[in-house]
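Shown next, in structure tokens, is the structure this report addresses.
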Amino acid sequence: MELYPAVDVQGGRVVRLRQGEAARATAYGDDPVAVAEGFAAMGARWLHFVDLDRAFGTGDNRALARRLLATAKTHVQVGGGLRTAEAIEEMLAWGATRVVIGTKAATDPALVERLLRRHGATRLAVGIDAKDGRVAVRGWTEVFDLAPVELARRVQQQGATTVIYTDAARDGMLAGPDLAGARALAALGLDVIASGGVASLDDLRAARAAGLAGAIVGRALYEGRFTLAEALECAAG
């Protein structure tokens, strides 16, 4: 299982949100590039970079994203409000290893199909955010009458192979990831990366045992509940 340390950015700072509420962001650093470099120095092979301002429609951190991608010594998976072909292609051009198609875009089948045809499944992942069992979009502020597994099945039929699954109620809450929801998507044959709620090494062991392809870890790392070295060792088995 691959581990993805999270570098979530809002207003140019590294933050973590709780339950998707921008007003409840807690800052953990003023220099996201330095944080990314620190994770790389400690052995991370991947980073998960998210522009929260873009996700919530309150601005963007494009210049910062470009600088981070230009200096990154790891693979970088980029997400956060990337809902258009232009936004996604920009991040790929700047050096992102993989870009997460925002959930809003995932509700546009034609766009997903066009992106997958142009860039291939290895360069793209589909973000599937869940709230109360339904697909949530735009920073979890809108909910569609669509179950996550239905969206996963549709994008898989279009050629997607990787999904980032987030339970909005657990993100930043240290309540453990929604493994049941993640397993339901993995059962379709997708590579599922769980996001939201990882609080302990046991959570990582459980995610690995569930056969997930990866886990994104944020707040637990920043608050020292375990070290990155411990998390990497645990994810590797």
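Labeling convention for the structure tokens: chains A, B, ... as they appear, residues from 1 per chain, ligands from 1 in order of appearance.
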
**Request:** Report as a VMD selection string: the residues of stretch 22-225 of chain A with a DSSP assignment of helix (DSSP H, G or I), based on the backbone of this structure.
**Result:** chain A and resid 32 to 41 52 to 56 62 to 71 85 to 93 103 to 106 109 to 119 121 to 123 148 to 157 179 to 186 201 to 209 219 to 222

Output C-alpha atoms for every residue in that selection, as a compact mmCIF listing (two decimals), in the first residue's frame.
# COMPACT_ATOMS: atom_id res chain seq x y z
CA PRO A 32 4.24 24.29 1.90
CA VAL A 33 7.32 23.76 -0.28
CA ALA A 34 9.50 23.30 2.81
CA VAL A 35 6.94 20.86 4.25
CA ALA A 36 6.99 18.89 0.99
CA GLU A 37 10.79 18.84 1.02
CA GLY A 38 10.74 17.60 4.61
CA PHE A 39 8.45 14.70 3.75
CA ALA A 40 10.70 13.78 0.82
CA ALA A 41 13.79 13.89 3.04
CA LEU A 52 -8.34 24.12 -0.65
CA ASP A 53 -9.01 27.66 -1.85
CA ARG A 54 -9.72 26.28 -5.29
CA ALA A 55 -11.82 23.46 -3.86
CA PHE A 56 -14.04 25.93 -2.01
CA ARG A 62 -1.56 28.15 -8.62
CA ALA A 63 1.80 29.90 -8.30
CA LEU A 64 2.57 27.92 -5.18
CA ALA A 65 1.52 24.66 -6.86
CA ARG A 66 3.82 25.41 -9.78
CA ARG A 67 6.74 26.11 -7.46
CA LEU A 68 6.14 22.97 -5.43
CA LEU A 69 5.90 20.80 -8.54
CA ALA A 70 9.07 22.33 -9.99
CA THR A 71 11.10 21.51 -6.88
CA ALA A 85 -9.73 20.13 -18.67
CA GLU A 86 -7.63 23.30 -18.67
CA ALA A 87 -6.98 23.18 -14.92
CA ILE A 88 -6.07 19.50 -15.01
CA GLU A 89 -3.82 19.83 -18.04
CA GLU A 90 -2.02 22.77 -16.45
CA MET A 91 -1.03 20.68 -13.43
CA LEU A 92 0.16 17.83 -15.64
CA ALA A 93 2.21 20.25 -17.72
CA THR A 103 -15.91 15.29 -8.12
CA LYS A 104 -17.80 18.05 -9.90
CA ALA A 105 -15.99 17.07 -13.08
CA ALA A 106 -16.70 13.42 -12.38
CA PRO A 109 -19.16 11.94 -18.12
CA ALA A 110 -18.05 13.54 -21.38
CA LEU A 111 -15.25 15.46 -19.67
CA VAL A 112 -13.99 12.39 -17.82
CA GLU A 113 -13.98 10.35 -21.00
CA ARG A 114 -12.14 13.07 -22.92
CA LEU A 115 -9.48 13.45 -20.21
CA LEU A 116 -8.88 9.72 -19.89
CA ARG A 117 -8.61 9.33 -23.64
CA ARG A 118 -6.07 12.16 -23.86
CA HIS A 119 -3.91 11.50 -20.81
CA ALA A 121 -5.55 6.24 -16.62
CA THR A 122 -2.11 6.32 -14.97
CA ARG A 123 -1.97 10.13 -15.02
CA PRO A 148 -20.32 6.71 -4.51
CA VAL A 149 -20.32 3.14 -5.87
CA GLU A 150 -22.53 4.23 -8.78
CA LEU A 151 -20.12 6.99 -9.73
CA ALA A 152 -17.16 4.62 -9.29
CA ARG A 153 -18.76 2.04 -11.58
CA ARG A 154 -19.41 4.67 -14.24
CA VAL A 155 -15.90 6.14 -14.30
CA GLN A 156 -14.44 2.62 -14.31
CA GLN A 157 -16.44 1.83 -17.43
CA LEU A 179 -13.00 1.37 5.14
CA ALA A 180 -16.39 -0.11 4.36
CA GLY A 181 -17.04 2.57 1.77
CA ALA A 182 -13.53 2.22 0.35
CA ARG A 183 -13.82 -1.58 0.15
CA ALA A 184 -17.07 -1.29 -1.78
CA LEU A 185 -15.25 0.66 -4.49
CA ALA A 186 -12.20 -1.61 -4.42
CA LEU A 201 -0.95 3.03 12.69
CA ASP A 202 -3.76 0.54 13.27
CA ASP A 203 -5.86 2.52 10.77
CA LEU A 204 -3.09 2.09 8.21
CA ARG A 205 -2.81 -1.62 8.96
CA ALA A 206 -6.56 -1.96 8.51
CA ALA A 207 -6.45 -0.11 5.20
CA ARG A 208 -3.65 -2.36 3.99
CA ALA A 209 -5.53 -5.47 5.15
CA ARG A 219 -3.50 15.68 10.65
CA ALA A 220 -2.18 12.59 12.45
CA LEU A 221 1.27 13.23 10.97
CA TYR A 222 1.24 16.94 11.73

**Selection near stretch 125-136 of chain A, 8 Å with only C-alpha atoms, sequence-local residues under 4 positions removed, as an MDAnalysis selection string** = chainID A and resid 98:103 106 121 140:148 151:152 155 160:169

Write to file, as an mmCIF file, in the first residue's frame, the residues of the selection just made, with N, CA and C atoms.
data_model
loop_
_atom_site.group_PDB
_atom_site.id
_atom_site.type_symbol
_atom_site.label_atom_id
_atom_site.label_comp_id
_atom_site.auth_asym_id
_atom_site.auth_seq_id
_atom_site.Cartn_x
_atom_site.Cartn_y
_atom_site.Cartn_z
ATOM 1 N N ARG A 98 0.269 12.652 -11.062
ATOM 2 C CA ARG A 98 -1.136 12.255 -11.223
ATOM 3 C C ARG A 98 -2.009 13.421 -10.764
ATOM 4 N N VAL A 99 -3.089 13.656 -11.479
ATOM 5 C CA VAL A 99 -4.024 14.715 -11.115
ATOM 6 C C VAL A 99 -5.376 14.102 -10.796
ATOM 7 N N VAL A 100 -5.991 14.613 -9.741
ATOM 8 C CA VAL A 100 -7.299 14.118 -9.316
ATOM 9 C C VAL A 100 -8.399 14.939 -9.976
ATOM 10 N N ILE A 101 -9.191 14.273 -10.794
ATOM 11 C CA ILE A 101 -10.344 14.939 -11.400
ATOM 12 C C ILE A 101 -11.346 15.226 -10.292
ATOM 13 N N GLY A 102 -11.670 16.488 -10.103
ATOM 14 C CA GLY A 102 -12.594 16.862 -9.038
ATOM 15 C C GLY A 102 -13.947 16.201 -9.198
ATOM 16 N N THR A 103 -14.624 15.987 -8.082
ATOM 17 C CA THR A 103 -15.910 15.286 -8.116
ATOM 18 C C THR A 103 -16.913 15.990 -9.011
ATOM 19 N N ALA A 106 -16.324 14.827 -12.243
ATOM 20 C CA ALA A 106 -16.700 13.416 -12.379
ATOM 21 C C ALA A 106 -18.183 13.241 -12.679
ATOM 22 N N ALA A 121 -5.096 6.502 -17.990
ATOM 23 C CA ALA A 121 -5.548 6.244 -16.619
ATOM 24 C C ALA A 121 -4.447 6.401 -15.586
ATOM 25 N N TRP A 140 -17.535 19.774 -0.540
ATOM 26 C CA TRP A 140 -18.562 19.076 0.247
ATOM 27 C C TRP A 140 -19.776 19.956 0.562
ATOM 28 N N THR A 141 -19.948 21.061 -0.193
ATOM 29 C CA THR A 141 -21.073 21.958 0.080
ATOM 30 C C THR A 141 -22.310 21.612 -0.737
ATOM 31 N N GLU A 142 -22.162 20.751 -1.762
ATOM 32 C CA GLU A 142 -23.294 20.306 -2.565
ATOM 33 C C GLU A 142 -23.327 18.780 -2.570
ATOM 34 N N VAL A 143 -24.514 18.220 -2.542
ATOM 35 C CA VAL A 143 -24.656 16.765 -2.531
ATOM 36 C C VAL A 143 -25.529 16.333 -3.702
ATOM 37 N N PHE A 144 -25.056 15.315 -4.440
ATOM 38 C CA PHE A 144 -25.817 14.758 -5.564
ATOM 39 C C PHE A 144 -26.574 13.521 -5.106
ATOM 40 N N ASP A 145 -27.694 13.264 -5.762
ATOM 41 C CA ASP A 145 -28.449 12.047 -5.484
ATOM 42 C C ASP A 145 -27.820 10.901 -6.259
ATOM 43 N N LEU A 146 -26.596 10.566 -5.829
ATOM 44 C CA LEU A 146 -25.811 9.549 -6.513
ATOM 45 C C LEU A 146 -24.935 8.861 -5.477
ATOM 46 N N ALA A 147 -24.969 7.553 -5.430
ATOM 47 C CA ALA A 147 -24.144 6.813 -4.478
ATOM 48 C C ALA A 147 -22.704 6.740 -4.990
ATOM 49 N N PRO A 148 -21.718 6.793 -4.085
ATOM 50 C CA PRO A 148 -20.320 6.708 -4.514
ATOM 51 C C PRO A 148 -20.026 5.499 -5.397
ATOM 52 N N LEU A 151 -21.065 6.143 -9.014
ATOM 53 C CA LEU A 151 -20.120 6.992 -9.731
ATOM 54 C C LEU A 151 -18.840 6.212 -10.048
ATOM 55 N N ALA A 152 -18.371 5.420 -9.079
ATOM 56 C CA ALA A 152 -17.161 4.620 -9.294
ATOM 57 C C ALA A 152 -17.343 3.649 -10.454
ATOM 58 N N VAL A 155 -17.217 5.678 -13.838
ATOM 59 C CA VAL A 155 -15.898 6.139 -14.298
ATOM 60 C C VAL A 155 -14.998 4.952 -14.638
ATOM 61 N N ALA A 160 -11.229 4.690 -16.102
ATOM 62 C CA ALA A 160 -10.487 5.078 -14.894
ATOM 63 C C ALA A 160 -10.085 3.834 -14.113
ATOM 64 N N THR A 161 -8.905 3.898 -13.498
ATOM 65 C CA THR A 161 -8.432 2.768 -12.689
ATOM 66 C C THR A 161 -8.149 3.154 -11.241
ATOM 67 N N THR A 162 -8.019 4.458 -10.957
ATOM 68 C CA THR A 162 -7.681 4.920 -9.609
ATOM 69 C C THR A 162 -8.721 5.899 -9.097
ATOM 70 N N VAL A 163 -9.132 5.691 -7.851
ATOM 71 C CA VAL A 163 -10.128 6.553 -7.203
ATOM 72 C C VAL A 163 -9.593 7.024 -5.859
ATOM 73 N N ILE A 164 -9.778 8.300 -5.572
ATOM 74 C CA ILE A 164 -9.488 8.842 -4.235
ATOM 75 C C ILE A 164 -10.819 8.946 -3.518
ATOM 76 N N TYR A 165 -11.004 8.151 -2.477
ATOM 77 C CA TYR A 165 -12.288 8.112 -1.775
ATOM 78 C C TYR A 165 -12.178 8.836 -0.436
ATOM 79 N N THR A 166 -13.018 9.833 -0.243
ATOM 80 C CA THR A 166 -13.014 10.628 0.987
ATOM 81 C C THR A 166 -14.394 10.643 1.613
ATOM 82 N N ASP A 167 -14.465 10.324 2.885
ATOM 83 C CA ASP A 167 -15.701 10.506 3.659
ATOM 84 C C ASP A 167 -15.601 11.873 4.320
ATOM 85 N N ALA A 168 -16.408 12.821 3.857
ATOM 86 C CA ALA A 168 -16.306 14.202 4.324
ATOM 87 C C ALA A 168 -16.470 14.323 5.837
ATOM 88 N N ALA A 169 -17.297 13.472 6.423
ATOM 89 C CA ALA A 169 -17.542 13.561 7.864
ATOM 90 C C ALA A 169 -16.324 13.150 8.681
#

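Proximity of A:Gly81, A:Gly214, A:Gly197, A:Gly237 to A:Met1, computed with only C-alpha atoms, is greatest for A:Gly214.
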
**Asked** In Å, with one decimal, what is the gap from atom CA of A:Asp30 to atom CA of A:Arg13?
**Response**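 These two atoms are separated by 4.6 Å.
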
**Request:** Check stretch 77-210 of chain A with DSSP on the backbone and list each residue it calls strand (DSSP E), as a VMD selection string.
**Result:** chain A and resid 77 to 79 98 to 101 124 to 131 134 to 137 142 to 143 162 to 167 191 to 195

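The nearest approach to A:Asn61 among the residues A:Tyr4, A:Gly11, A:Gly29, A:Thr97, with only C-alpha atoms taken into account, belongs to A:Gly11.
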
**Prompt:** Quick one: distance from atom CA of A:Ala175 to atom CA of A:Ala187 in Å, one decimal?
**Reply:** 23.1 Å

**Request:** For A:Ala44, please output as a ChimeraX atom specification all residues within 12 Å (counting only C-alpha atoms; exclusion window: fewer than 3 positions along the same chain).
**Result:** /A:2-6,35-41,47-48,72-76,216-217,227-233,235-236

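Straight-line separation from atom CA of A:Trp46 to atom CA of A:Arg16: 18.3 Å.
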